[in-house]
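For reference, protein-v9.cif (mmCIF, C-alpha atoms and all ligand atoms):
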```cif
data_my_file
loop_
_atom_site.group_PDB
_atom_site.id
_atom_site.type_symbol
_atom_site.label_atom_id
_atom_site.label_comp_id
_atom_site.auth_asym_id
_atom_site.auth_seq_id
_atom_site.Cartn_x
_atom_site.Cartn_y
_atom_site.Cartn_z
ATOM 1 C CA MET A 238 93.471 89.143 111.316
ATOM 2 C CA GLY A 239 91.957 85.703 111.079
ATOM 3 C CA THR A 240 90.322 84.616 107.891
ATOM 4 C CA MET A 241 86.584 84.918 107.838
ATOM 5 C CA THR A 242 85.612 81.723 106.092
ATOM 6 C CA SER A 243 81.934 81.403 106.881
ATOM 7 C CA PRO A 244 80.654 84.600 108.410
ATOM 8 C CA ALA A 245 77.411 84.313 110.268
ATOM 9 C CA PRO A 246 74.529 85.664 108.204
ATOM 10 C CA ARG A 247 73.554 89.154 109.279
ATOM 11 C CA THR A 248 69.866 89.618 109.645
ATOM 12 C CA ASP A 249 70.189 93.284 108.772
ATOM 13 C CA ALA A 250 72.284 92.693 105.661
ATOM 14 C CA PRO A 251 70.817 93.963 102.398
ATOM 15 C CA THR A 252 68.750 91.145 100.972
ATOM 16 C CA ASP A 253 69.823 91.727 97.395
ATOM 17 C CA THR A 254 73.455 90.867 98.137
ATOM 18 C CA PRO A 255 73.324 87.323 99.506
ATOM 19 C CA ASP A 256 76.836 86.578 98.249
ATOM 20 C CA VAL A 257 78.289 89.484 100.231
ATOM 21 C CA PRO A 258 76.640 88.946 103.602
ATOM 22 C CA GLU A 259 78.950 91.267 105.440
ATOM 23 C CA ALA A 260 78.820 94.261 103.133
ATOM 24 C CA ARG A 261 79.206 97.314 105.351
ATOM 25 C CA ALA A 262 78.220 99.648 102.542
ATOM 26 C CA SER A 263 76.516 98.967 99.234
ATOM 27 C CA ALA A 264 75.444 101.087 96.306
ATOM 28 C CA ARG A 265 72.873 99.928 93.761
ATOM 29 C CA ASP A 266 72.438 101.662 90.423
ATOM 30 C CA LEU A 267 73.701 104.841 92.008
ATOM 31 C CA VAL A 268 73.240 107.934 89.852
ATOM 32 C CA LYS A 269 74.225 111.484 90.708
ATOM 33 C CA VAL A 270 73.497 114.315 88.330
ATOM 34 C CA TYR A 271 74.705 117.798 89.183
ATOM 35 C CA GLY A 272 72.875 120.688 87.565
ATOM 36 C CA SER A 273 70.237 120.330 84.870
ATOM 37 C CA GLY A 274 69.584 120.822 81.185
ATOM 38 C CA THR A 275 72.571 121.336 78.931
ATOM 39 C CA THR A 276 74.928 121.938 81.846
ATOM 40 C CA ALA A 277 73.994 118.737 83.693
ATOM 41 C CA VAL A 278 76.936 116.585 84.776
ATOM 42 C CA ARG A 279 76.330 112.880 85.334
ATOM 43 C CA ALA A 280 78.955 112.385 88.035
ATOM 44 C CA LEU A 281 77.763 108.843 88.849
ATOM 45 C CA ASP A 282 76.204 106.824 86.066
ATOM 46 C CA GLY A 283 74.815 103.641 87.614
ATOM 47 C CA VAL A 284 77.329 102.363 90.160
ATOM 48 C CA ASP A 285 76.863 98.960 91.822
ATOM 49 C CA VAL A 286 79.439 98.211 94.474
ATOM 50 C CA ASP A 287 79.780 96.505 97.855
ATOM 51 C CA PHE A 288 82.378 97.146 100.513
ATOM 52 C CA ALA A 289 82.877 94.088 102.681
ATOM 53 C CA ARG A 290 83.552 94.251 106.375
ATOM 54 C CA GLY A 291 87.166 94.104 107.485
ATOM 55 C CA ARG A 292 88.622 95.231 104.189
ATOM 56 C CA LEU A 293 90.632 98.238 103.050
ATOM 57 C CA THR A 294 89.429 99.238 99.596
ATOM 58 C CA ALA A 295 91.060 101.878 97.423
ATOM 59 C CA ILE A 296 89.115 103.776 94.781
ATOM 60 C CA MET A 297 91.127 105.088 91.847
ATOM 61 C CA GLY A 298 90.227 106.861 88.626
ATOM 62 C CA PRO A 299 90.922 110.022 86.653
ATOM 63 C CA SER A 300 90.094 113.443 88.028
ATOM 64 C CA GLY A 301 86.374 114.032 87.590
ATOM 65 C CA SER A 302 85.530 110.319 87.359
ATOM 66 C CA GLY A 303 83.193 110.581 90.366
ATOM 67 C CA LYS A 304 85.323 109.253 93.233
ATOM 68 C CA SER A 305 84.485 112.000 95.730
ATOM 69 C CA THR A 306 80.862 112.012 94.639
ATOM 70 C CA LEU A 307 80.653 108.272 95.310
ATOM 71 C CA MET A 308 82.218 108.665 98.754
ATOM 72 C CA HIS A 309 79.928 111.565 99.650
ATOM 73 C CA CYS A 310 76.804 109.667 98.554
ATOM 74 C CA LEU A 311 77.905 106.549 100.436
ATOM 75 C CA ALA A 312 78.643 108.544 103.577
ATOM 76 C CA GLY A 313 75.333 110.389 103.518
ATOM 77 C CA LEU A 314 77.085 113.730 102.955
ATOM 78 C CA ASP A 315 75.357 114.150 99.584
ATOM 79 C CA SER A 316 72.133 112.641 98.288
ATOM 80 C CA PRO A 317 72.058 110.626 95.074
ATOM 81 C CA THR A 318 69.722 111.507 92.206
ATOM 82 C CA SER A 319 68.574 107.883 92.108
ATOM 83 C CA GLY A 320 69.638 104.459 93.260
ATOM 84 C CA SER A 321 70.201 103.161 96.739
ATOM 85 C CA VAL A 322 72.860 103.297 99.416
ATOM 86 C CA VAL A 323 72.795 100.795 102.254
ATOM 87 C CA ILE A 324 75.043 101.347 105.273
ATOM 88 C CA ASP A 325 75.109 98.527 107.774
ATOM 89 C CA GLY A 326 71.814 97.179 106.505
ATOM 90 C CA GLN A 327 70.049 100.549 106.507
ATOM 91 C CA GLU A 328 68.836 102.205 103.319
ATOM 92 C CA ILE A 329 70.023 105.721 104.025
ATOM 93 C CA SER A 330 67.951 107.610 101.446
ATOM 94 C CA ARG A 331 64.842 106.736 103.471
ATOM 95 C CA LEU A 332 66.209 108.139 106.720
ATOM 96 C CA SER A 333 64.979 111.436 108.100
ATOM 97 C CA GLN A 334 67.546 114.247 108.329
ATOM 98 C CA ARG A 335 67.768 113.687 112.055
ATOM 99 C CA ARG A 336 68.473 109.955 111.747
ATOM 100 C CA LEU A 337 70.882 110.555 108.899
ATOM 101 C CA THR A 338 72.832 112.982 111.061
ATOM 102 C CA ALA A 339 72.892 110.424 113.863
ATOM 103 C CA LEU A 340 74.096 107.748 111.443
ATOM 104 C CA ARG A 341 76.862 110.012 110.146
ATOM 105 C CA ARG A 342 78.007 110.746 113.692
ATOM 106 C CA THR A 343 78.058 107.209 114.972
ATOM 107 C CA ARG A 344 78.236 104.733 112.105
ATOM 108 C CA VAL A 345 80.329 106.537 109.524
ATOM 109 C CA GLY A 346 83.792 108.060 109.799
ATOM 110 C CA PHE A 347 85.139 110.481 107.227
ATOM 111 C CA VAL A 348 88.740 111.590 106.660
ATOM 112 C CA PHE A 349 89.327 114.578 104.388
ATOM 113 C CA GLN A 350 92.429 115.459 102.409
ATOM 114 C CA ALA A 351 92.743 118.727 104.344
ATOM 115 C CA TYR A 352 92.479 117.077 107.827
ATOM 116 C CA ASN A 353 89.723 119.509 108.953
ATOM 117 C CA LEU A 354 90.897 119.669 112.567
ATOM 118 C CA VAL A 355 89.747 122.417 114.930
ATOM 119 C CA PRO A 356 92.867 124.575 115.486
ATOM 120 C CA THR A 357 91.975 125.676 119.018
ATOM 121 C CA LEU A 358 91.497 122.137 120.328
ATOM 122 C CA THR A 359 94.184 119.663 121.341
ATOM 123 C CA ALA A 360 94.665 116.404 119.480
ATOM 124 C CA ALA A 361 92.753 114.533 122.194
ATOM 125 C CA GLU A 362 89.885 117.039 122.067
ATOM 126 C CA ASN A 363 89.773 116.840 118.277
ATOM 127 C CA ILE A 364 89.595 113.050 118.435
ATOM 128 C CA THR A 365 86.636 112.982 120.802
ATOM 129 C CA LEU A 366 84.857 116.000 119.271
ATOM 130 C CA PRO A 367 82.257 114.019 117.267
ATOM 131 C CA LEU A 368 81.316 112.029 120.376
ATOM 132 C CA ASP A 369 81.265 115.167 122.496
ATOM 133 C CA ILE A 370 78.952 116.884 120.010
ATOM 134 C CA ALA A 371 76.692 113.831 119.972
ATOM 135 C CA ARG A 372 76.930 113.721 123.791
ATOM 136 C CA THR A 373 78.031 110.133 123.491
ATOM 137 C CA HIS A 374 80.161 108.414 126.078
ATOM 138 C CA VAL A 375 83.809 108.008 125.058
ATOM 139 C CA ASP A 376 84.870 104.387 125.433
ATOM 140 C CA ARG A 377 88.266 105.021 127.063
ATOM 141 C CA ALA A 378 89.660 101.559 126.378
ATOM 142 C CA TRP A 379 88.865 101.926 122.672
ATOM 143 C CA PHE A 380 90.183 105.520 122.655
ATOM 144 C CA ASP A 381 93.463 104.236 124.114
ATOM 145 C CA GLU A 382 93.659 101.435 121.586
ATOM 146 C CA VAL A 383 93.112 103.820 118.679
ATOM 147 C CA VAL A 384 95.561 106.390 120.046
ATOM 148 C CA ASP A 385 98.261 103.767 120.569
ATOM 149 C CA SER A 386 97.641 102.200 117.194
ATOM 150 C CA VAL A 387 97.936 105.569 115.484
ATOM 151 C CA GLY A 388 101.074 106.376 117.511
ATOM 152 C CA LEU A 389 99.829 109.623 119.034
ATOM 153 C CA ARG A 390 100.168 108.928 122.735
ATOM 154 C CA ASP A 391 102.827 111.614 123.280
ATOM 155 C CA ARG A 392 101.087 114.201 121.091
ATOM 156 C CA LEU A 393 97.629 114.174 122.658
ATOM 157 C CA HIS A 394 97.954 117.597 124.303
ATOM 158 C CA HIS A 395 99.363 119.369 121.269
ATOM 159 C CA ARG A 396 97.279 121.590 119.034
ATOM 160 C CA PRO A 397 97.185 120.983 115.272
ATOM 161 C CA SER A 398 99.669 123.819 114.579
ATOM 162 C CA GLU A 399 102.189 121.970 116.755
ATOM 163 C CA LEU A 400 101.848 118.754 114.762
ATOM 164 C CA SER A 401 103.300 117.635 111.435
ATOM 165 C CA GLY A 402 100.977 117.030 108.506
ATOM 166 C CA GLY A 403 101.212 113.291 109.002
ATOM 167 C CA GLN A 404 100.458 113.622 112.709
ATOM 168 C CA GLN A 405 97.483 115.879 111.959
ATOM 169 C CA GLN A 406 96.111 113.366 109.492
ATOM 170 C CA ARG A 407 96.586 110.588 112.019
ATOM 171 C CA VAL A 408 94.563 112.669 114.501
ATOM 172 C CA ALA A 409 91.870 112.943 111.824
ATOM 173 C CA CYS A 410 91.990 109.153 111.310
ATOM 174 C CA ALA A 411 91.688 108.582 115.054
ATOM 175 C CA ARG A 412 88.732 110.995 115.138
ATOM 176 C CA ALA A 413 87.060 108.993 112.360
ATOM 177 C CA LEU A 414 87.568 105.741 114.260
ATOM 178 C CA VAL A 415 86.795 106.742 117.832
ATOM 179 C CA SER A 416 83.049 106.124 117.542
ATOM 180 C CA ARG A 417 83.772 102.585 116.236
ATOM 181 C CA PRO A 418 81.995 103.370 113.002
ATOM 182 C CA SER A 419 80.761 100.650 110.689
ATOM 183 C CA ILE A 420 82.828 102.117 107.913
ATOM 184 C CA VAL A 421 85.389 104.873 107.372
ATOM 185 C CA PHE A 422 85.585 106.838 104.127
ATOM 186 C CA ALA A 423 88.831 108.663 103.416
ATOM 187 C CA ASP A 424 89.059 110.988 100.406
ATOM 188 C CA GLU A 425 92.708 111.299 99.342
ATOM 189 C CA PRO A 426 93.896 111.030 102.965
ATOM 190 C CA THR A 427 97.534 111.202 101.879
ATOM 191 C CA GLY A 428 97.071 113.818 99.160
ATOM 192 C CA ASN A 429 98.793 116.544 101.190
ATOM 193 C CA LEU A 430 101.506 114.396 102.743
ATOM 194 C CA ASP A 431 105.124 113.623 101.943
ATOM 195 C CA SER A 432 105.840 109.980 101.323
ATOM 196 C CA ARG A 433 107.016 109.196 104.862
ATOM 197 C CA SER A 434 103.953 110.747 106.509
ATOM 198 C CA ALA A 435 101.769 109.107 103.884
ATOM 199 C CA GLY A 436 103.298 105.760 104.789
ATOM 200 C CA GLU A 437 102.443 106.326 108.476
ATOM 201 C CA VAL A 438 98.820 107.144 107.695
ATOM 202 C CA LEU A 439 98.446 104.244 105.273
ATOM 203 C CA ALA A 440 100.025 101.802 107.690
ATOM 204 C CA PHE A 441 97.569 102.964 110.324
ATOM 205 C CA LEU A 442 94.558 102.636 108.026
ATOM 206 C CA ARG A 443 95.632 99.129 107.109
ATOM 207 C CA ARG A 444 96.275 98.272 110.777
ATOM 208 C CA SER A 445 92.841 99.587 111.737
ATOM 209 C CA VAL A 446 91.421 96.993 109.368
ATOM 210 C CA ASP A 447 93.740 94.091 110.194
ATOM 211 C CA GLU A 448 93.933 94.552 113.965
ATOM 212 C CA LEU A 449 90.902 96.657 114.945
ATOM 213 C CA ASP A 450 88.466 95.026 112.490
ATOM 214 C CA GLN A 451 87.482 98.321 110.888
ATOM 215 C CA THR A 452 86.294 98.759 107.302
ATOM 216 C CA VAL A 453 87.922 101.490 105.257
ATOM 217 C CA VAL A 454 87.300 102.894 101.782
ATOM 218 C CA MET A 455 89.941 105.316 100.562
ATOM 219 C CA VAL A 456 90.249 107.397 97.411
ATOM 220 C CA THR A 457 93.767 107.822 96.118
ATOM 221 C CA HIS A 458 95.665 108.789 92.968
ATOM 222 C CA ASP A 459 98.839 107.150 94.253
ATOM 223 C CA PRO A 460 99.551 103.526 93.220
ATOM 224 C CA ARG A 461 101.757 103.072 96.261
ATOM 225 C CA ALA A 462 98.925 104.146 98.570
ATOM 226 C CA ALA A 463 96.493 101.890 96.717
ATOM 227 C CA SER A 464 98.844 98.923 97.142
ATOM 228 C CA TYR A 465 98.090 98.984 100.894
ATOM 229 C CA ALA A 466 94.516 97.987 100.038
ATOM 230 C CA HIS A 467 92.988 94.517 99.870
ATOM 231 C CA ARG A 468 91.109 95.630 96.795
ATOM 232 C CA VAL A 469 91.340 98.458 94.292
ATOM 233 C CA VAL A 470 88.207 99.599 92.470
ATOM 234 C CA PHE A 471 88.557 101.737 89.349
ATOM 235 C CA LEU A 472 86.061 104.386 88.316
ATOM 236 C CA ALA A 473 85.866 106.000 84.881
ATOM 237 C CA ASP A 474 83.222 108.493 83.773
ATOM 238 C CA GLY A 475 81.023 107.764 86.760
ATOM 239 C CA ARG A 476 81.045 104.003 86.220
ATOM 240 C CA LEU A 477 82.862 101.072 87.730
ATOM 241 C CA ALA A 478 85.584 100.060 85.307
ATOM 242 C CA GLY A 479 87.256 97.093 86.986
ATOM 243 C CA GLU A 480 88.983 95.970 90.134
ATOM 244 C CA LEU A 481 92.107 94.289 91.453
ATOM 245 C CA HIS A 482 92.501 92.099 94.521
ATOM 246 C CA ASP A 483 95.623 92.274 96.702
ATOM 247 C CA PRO A 484 97.468 94.085 93.936
ATOM 248 C CA SER A 485 101.115 95.007 94.026
ATOM 249 C CA GLN A 486 102.095 98.551 93.126
ATOM 250 C CA GLN A 487 103.206 97.191 89.748
ATOM 251 C CA ASP A 488 99.801 95.574 89.105
ATOM 252 C CA ILE A 489 98.179 98.949 89.731
ATOM 253 C CA LEU A 490 100.660 100.789 87.521
ATOM 254 C CA ASP A 491 100.021 98.234 84.754
ATOM 255 C CA ALA A 492 96.246 98.685 85.020
ATOM 256 C CA LEU A 493 96.599 102.476 84.918
ATOM 257 C CA ALA A 494 99.002 102.296 81.959
ATOM 258 C CA LEU A 495 96.590 100.063 80.078
ATOM 259 C CA ALA A 496 93.819 102.576 80.664
ATOM 260 C CA ALA A 497 96.012 105.481 79.569
ATOM 261 C CA ASP A 498 97.181 103.607 76.440
ATOM 262 C CA ASP A 499 93.843 103.032 74.819
ATOM 263 C CA GLY A 500 91.781 105.607 76.636
ATOM 264 C CA SER A 501 89.507 102.926 77.999
ATOM 265 C CA PRO A 502 88.807 102.192 81.645
ATOM 266 C CA PRO A 503 91.535 100.325 83.524
ATOM 267 C CA ALA A 504 89.885 96.982 82.903
ATOM 268 C CA GLY A 505 90.397 97.566 79.203
ATOM 269 C CA LEU A 506 86.655 97.247 78.835
ATOM 270 C CA ALA A 507 84.285 99.595 77.165
ATOM 271 C CA ALA A 508 81.477 100.739 79.421
ATOM 272 C CA PRO A 509 78.680 99.829 79.884
ATOM 273 C CA GLY A 510 78.723 96.241 81.000
ATOM 274 C CA PRO A 511 80.031 94.341 83.972
ATOM 275 C CA ALA A 512 83.563 95.189 84.939
ATOM 276 C CA ALA A 513 86.161 92.666 83.890
ATOM 277 C CA PRO A 514 89.120 91.173 85.687
ATOM 278 C CA VAL A 515 92.333 93.139 85.585
ATOM 279 C CA GLY A 516 95.780 91.787 86.364
ATOM 280 C CA ARG A 517 96.737 88.522 87.942
ATOM 281 C CA HIS A 518 94.728 88.846 91.143
ATOM 282 C CA ALA A 519 91.619 90.086 89.473
ATOM 283 C CA ALA A 520 88.111 88.936 90.062
ATOM 284 C CA PRO A 521 84.982 90.209 88.402
ATOM 285 C CA VAL A 522 82.905 92.859 90.041
ATOM 286 C CA ASP A 523 79.947 91.393 91.873
ATOM 287 C CA PRO A 524 77.329 90.963 89.136
ATOM 288 C CA ALA A 525 74.418 92.228 91.196
HETATM 289 N N1 LIG B 601 78.778 120.339 93.550
HETATM 290 C C1 LIG B 601 78.962 120.082 92.245
HETATM 291 N N2 LIG B 601 78.299 120.775 91.301
HETATM 292 C C2 LIG B 601 78.449 120.511 89.986
HETATM 293 N N3 LIG B 601 79.272 119.568 89.498
HETATM 294 C C3 LIG B 601 79.993 118.855 90.389
HETATM 295 C C4 LIG B 601 79.879 119.070 91.802
HETATM 296 N N4 LIG B 601 80.702 118.212 92.436
HETATM 297 C C5 LIG B 601 81.301 117.489 91.463
HETATM 298 N N5 LIG B 601 80.876 117.870 90.230
HETATM 299 C C6 LIG B 601 81.278 117.291 88.934
HETATM 300 O O1 LIG B 601 81.058 115.888 88.997
HETATM 301 C C7 LIG B 601 82.113 115.184 88.370
HETATM 302 C C8 LIG B 601 82.747 114.224 89.389
HETATM 303 O O2 LIG B 601 83.392 114.985 90.398
HETATM 304 P P1 LIG B 601 84.169 114.328 91.620
HETATM 305 O O3 LIG B 601 84.549 115.419 92.543
HETATM 306 O O4 LIG B 601 83.365 113.220 92.162
HETATM 307 O O5 LIG B 601 85.444 113.723 90.881
HETATM 308 P P2 LIG B 601 86.745 113.022 91.497
HETATM 309 O O6 LIG B 601 86.872 111.702 90.809
HETATM 310 O O7 LIG B 601 86.683 113.028 92.969
HETATM 311 O O8 LIG B 601 87.905 113.972 90.965
HETATM 312 P P3 LIG B 601 89.295 114.417 91.669
HETATM 313 O O9 LIG B 601 90.234 113.264 91.450
HETATM 314 O O10 LIG B 601 89.707 115.610 90.875
HETATM 315 O O11 LIG B 601 89.029 114.716 93.107
HETATM 316 C C9 LIG B 601 83.068 116.226 87.842
HETATM 317 O O12 LIG B 601 82.765 116.466 86.495
HETATM 318 C C10 LIG B 601 82.757 117.444 88.684
HETATM 319 O O13 LIG B 601 83.039 118.626 87.992
HETATM 320 MG MG MG B 602 87.795 113.993 94.465
#
```

In structure tokens, write the structure found in this file.
Amino acid sequence: MGTMTSPAPRTDAPTDTPDVPEARASARDLVKVYGSGTTAVRALDGVDVDFARGRLTAIMGPSGSGKSTLMHCLAGLDSPTSGSVVIDGQEISRLSQRRLTALRRTRVGFVFQAYNLVPTLTAAENITLPLDIARTHVDRAWFDEVVDSVGLRDRLHHRPSELSGGQQQRVACARALVSRPSIVFADEPTGNLDSRSAGEVLAFLRRSVDELDQTVVMVTHDPRAASYAHRVVFLADGRLAGELHDPSQQDILDALALAADDGSPPAGLAAPGPAAPVGRHAAPVDPA
């Protein structure tokens, strides 16, 4: 992929993020509280984050730190308690249910840990299902490009039960990409896969960014998976705790070890406050 030195300003970009003109998804002061009273859980506690176009970002953090909640709020699958989510320049909390559904079908792709394929449909039918449901024309040239990139050409007429886990997850990735979404969210896409299949899926996700100009945000617990990303964002207790840019697996392991050592977030910073650089490639979180 070529470097994007001076991207043209997008007229529909969120106006409060002038330094990230091509943010495909942004969260501002995002809060999600589940339940109420003494049993309330503050799953997201004021998250500010931007996901730039043409980047693969990994989100890491301990179990319960709010990773899935963040993905679901960003993807319009769950509604935040307060704060804003902007997808492709659109504030999604202000959309009607009907427009939100349309946005989820066409602008957002989602890949789940458990693939979520329809067992009675072939791989090809699973891939085009979201477009078929939305009665949207399937762009055959793009379909072919995605299918070839994901390496599924000779498996298109197989049903999920006739595919390996890695192949099934690649079908799910192709399904997420076939509508040319603005952004793809993948929640532990390799969580159920052996390391070889995981490598295939990760290579595809990275290729979709580098060669097909997609934008992908992926949750993972695996430092090797995260090392495929351009950027790794760490969450702790519902807050952003730091980030790494182009990290090696070792950089990620070091950041995680640091966090485990002193019980603080990976940046070694106490929350609240702006996230700090971690590791040798680190840059501060956008101080919005
Ligand atoms: N529907 C819900 N109702 C109540 N609490 C919830 C709900 N969903 C999540 N939570 C709570 O919110 C917090 C964040 O959960 P979340 O699923 O986002 O964590 P996670 O970082 O994805 O964890 P994991 O790595 O285990 O998947 C947790 O304390 C969880 O128990
Ligand atoms: Mg989760």

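As for atom CA of A:Thr457 and atom CA of A:Arg292, they are spaced 15.8 Å apart.
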
Can you pull out the residues contacting A:Leu368? Cut-off 12 Å, using all atoms listed in the file, and skip same-chain residues under 4 positions away; I want them as a PDB file with C-alpha atoms, in the coordinates of the input.
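Printed below is selection-v3.pdb as written:
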```pdb
ATOM      1  CA  ALA A 339      72.892 110.424 113.863  1.00  0.00           C
ATOM      2  CA  ARG A 341      76.862 110.012 110.146  1.00  0.00           C
ATOM      3  CA  ARG A 342      78.007 110.746 113.692  1.00  0.00           C
ATOM      4  CA  THR A 343      78.058 107.209 114.972  1.00  0.00           C
ATOM      5  CA  ARG A 344      78.236 104.733 112.105  1.00  0.00           C
ATOM      6  CA  GLY A 346      83.792 108.060 109.799  1.00  0.00           C
ATOM      7  CA  ALA A 361      92.753 114.533 122.194  1.00  0.00           C
ATOM      8  CA  GLU A 362      89.885 117.039 122.067  1.00  0.00           C
ATOM      9  CA  ASN A 363      89.773 116.840 118.277  1.00  0.00           C
ATOM     10  CA  ILE A 364      89.595 113.050 118.435  1.00  0.00           C
ATOM     11  CA  ARG A 372      76.930 113.721 123.791  1.00  0.00           C
ATOM     12  CA  THR A 373      78.031 110.133 123.491  1.00  0.00           C
ATOM     13  CA  HIS A 374      80.161 108.414 126.078  1.00  0.00           C
ATOM     14  CA  VAL A 375      83.809 108.008 125.058  1.00  0.00           C
ATOM     15  CA  ASP A 376      84.870 104.387 125.433  1.00  0.00           C
ATOM     16  CA  ARG A 377      88.266 105.021 127.063  1.00  0.00           C
ATOM     17  CA  PHE A 380      90.183 105.520 122.655  1.00  0.00           C
ATOM     18  CA  ARG A 412      88.732 110.995 115.138  1.00  0.00           C
ATOM     19  CA  ALA A 413      87.060 108.993 112.360  1.00  0.00           C
ATOM     20  CA  LEU A 414      87.568 105.741 114.260  1.00  0.00           C
ATOM     21  CA  VAL A 415      86.795 106.742 117.832  1.00  0.00           C
ATOM     22  CA  SER A 416      83.049 106.124 117.542  1.00  0.00           C
ATOM     23  CA  ARG A 417      83.772 102.585 116.236  1.00  0.00           C
ATOM     24  CA  PRO A 418      81.995 103.370 113.002  1.00  0.00           C
TER      25      PRO A 418
END
```

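Minimum distance to ligand MG 602 (chain B) across A:Glu425, A:Asp325, A:Asp315, A:Asp381 (counting only C-alpha atoms and all ligand atoms) occurs at A:Glu425.
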
Within 6 Å of ligand LIG 601 (chain B), counting only C-alpha atoms and all ligand atoms, residues as a PDB file with C-alpha atoms, in the frame of the given file:
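selection_36.pdb written:
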```pdb
ATOM      1  CA  TYR A 271      74.705 117.798  89.183  1.00  0.00           C
ATOM      2  CA  VAL A 278      76.936 116.585  84.776  1.00  0.00           C
ATOM      3  CA  ALA A 280      78.955 112.385  88.035  1.00  0.00           C
ATOM      4  CA  PRO A 299      90.922 110.022  86.653  1.00  0.00           C
ATOM      5  CA  SER A 300      90.094 113.443  88.028  1.00  0.00           C
ATOM      6  CA  GLY A 301      86.374 114.032  87.590  1.00  0.00           C
ATOM      7  CA  SER A 302      85.530 110.319  87.359  1.00  0.00           C
ATOM      8  CA  GLY A 303      83.193 110.581  90.366  1.00  0.00           C
ATOM      9  CA  LYS A 304      85.323 109.253  93.233  1.00  0.00           C
ATOM     10  CA  SER A 305      84.485 112.000  95.730  1.00  0.00           C
ATOM     11  CA  THR A 306      80.862 112.012  94.639  1.00  0.00           C
TER      12      THR A 306
END
```

For A:Pro356, work out the shell of residues within 9 Å, counting only C-alpha atoms and skipping chain neighbours fewer than 3 positions away, then give it as number ranges by chain. A: 353, 359, 363, 396-398

Atom CA of A:Gly320 to atom CA of A:Gly283 measures 7.7 Å

Counting only C-alpha atoms, what is within 12 Å of A:Cys310, bar same-chain residues fewer than 5 positions away, as a PDB file with C-alpha atoms, keeping the file's coordinate frame?
```
ATOM      1  CA  ALA A 262      78.220  99.648 102.542  1.00  0.00           C
ATOM      2  CA  SER A 263      76.516  98.967  99.234  1.00  0.00           C
ATOM      3  CA  ALA A 264      75.444 101.087  96.306  1.00  0.00           C
ATOM      4  CA  ARG A 265      72.873  99.928  93.761  1.00  0.00           C
ATOM      5  CA  LEU A 267      73.701 104.841  92.008  1.00  0.00           C
ATOM      6  CA  VAL A 268      73.240 107.934  89.852  1.00  0.00           C
ATOM      7  CA  LYS A 269      74.225 111.484  90.708  1.00  0.00           C
ATOM      8  CA  VAL A 270      73.497 114.315  88.330  1.00  0.00           C
ATOM      9  CA  ALA A 280      78.955 112.385  88.035  1.00  0.00           C
ATOM     10  CA  LEU A 281      77.763 108.843  88.849  1.00  0.00           C
ATOM     11  CA  VAL A 284      77.329 102.363  90.160  1.00  0.00           C
ATOM     12  CA  GLY A 303      83.193 110.581  90.366  1.00  0.00           C
ATOM     13  CA  LYS A 304      85.323 109.253  93.233  1.00  0.00           C
ATOM     14  CA  SER A 305      84.485 112.000  95.730  1.00  0.00           C
ATOM     15  CA  ASP A 315      75.357 114.150  99.584  1.00  0.00           C
ATOM     16  CA  SER A 316      72.133 112.641  98.288  1.00  0.00           C
ATOM     17  CA  PRO A 317      72.058 110.626  95.074  1.00  0.00           C
ATOM     18  CA  THR A 318      69.722 111.507  92.206  1.00  0.00           C
ATOM     19  CA  SER A 319      68.574 107.883  92.108  1.00  0.00           C
ATOM     20  CA  GLY A 320      69.638 104.459  93.260  1.00  0.00           C
ATOM     21  CA  SER A 321      70.201 103.161  96.739  1.00  0.00           C
ATOM     22  CA  VAL A 322      72.860 103.297  99.416  1.00  0.00           C
ATOM     23  CA  VAL A 323      72.795 100.795 102.254  1.00  0.00           C
ATOM     24  CA  ILE A 324      75.043 101.347 105.273  1.00  0.00           C
ATOM     25  CA  GLU A 328      68.836 102.205 103.319  1.00  0.00           C
ATOM     26  CA  ILE A 329      70.023 105.721 104.025  1.00  0.00           C
ATOM     27  CA  SER A 330      67.951 107.610 101.446  1.00  0.00           C
ATOM     28  CA  LEU A 337      70.882 110.555 108.899  1.00  0.00           C
ATOM     29  CA  ARG A 341      76.862 110.012 110.146  1.00  0.00           C
ATOM     30  CA  VAL A 345      80.329 106.537 109.524  1.00  0.00           C
ATOM     31  CA  PHE A 422      85.585 106.838 104.127  1.00  0.00           C
TER      32      PHE A 422
END
```
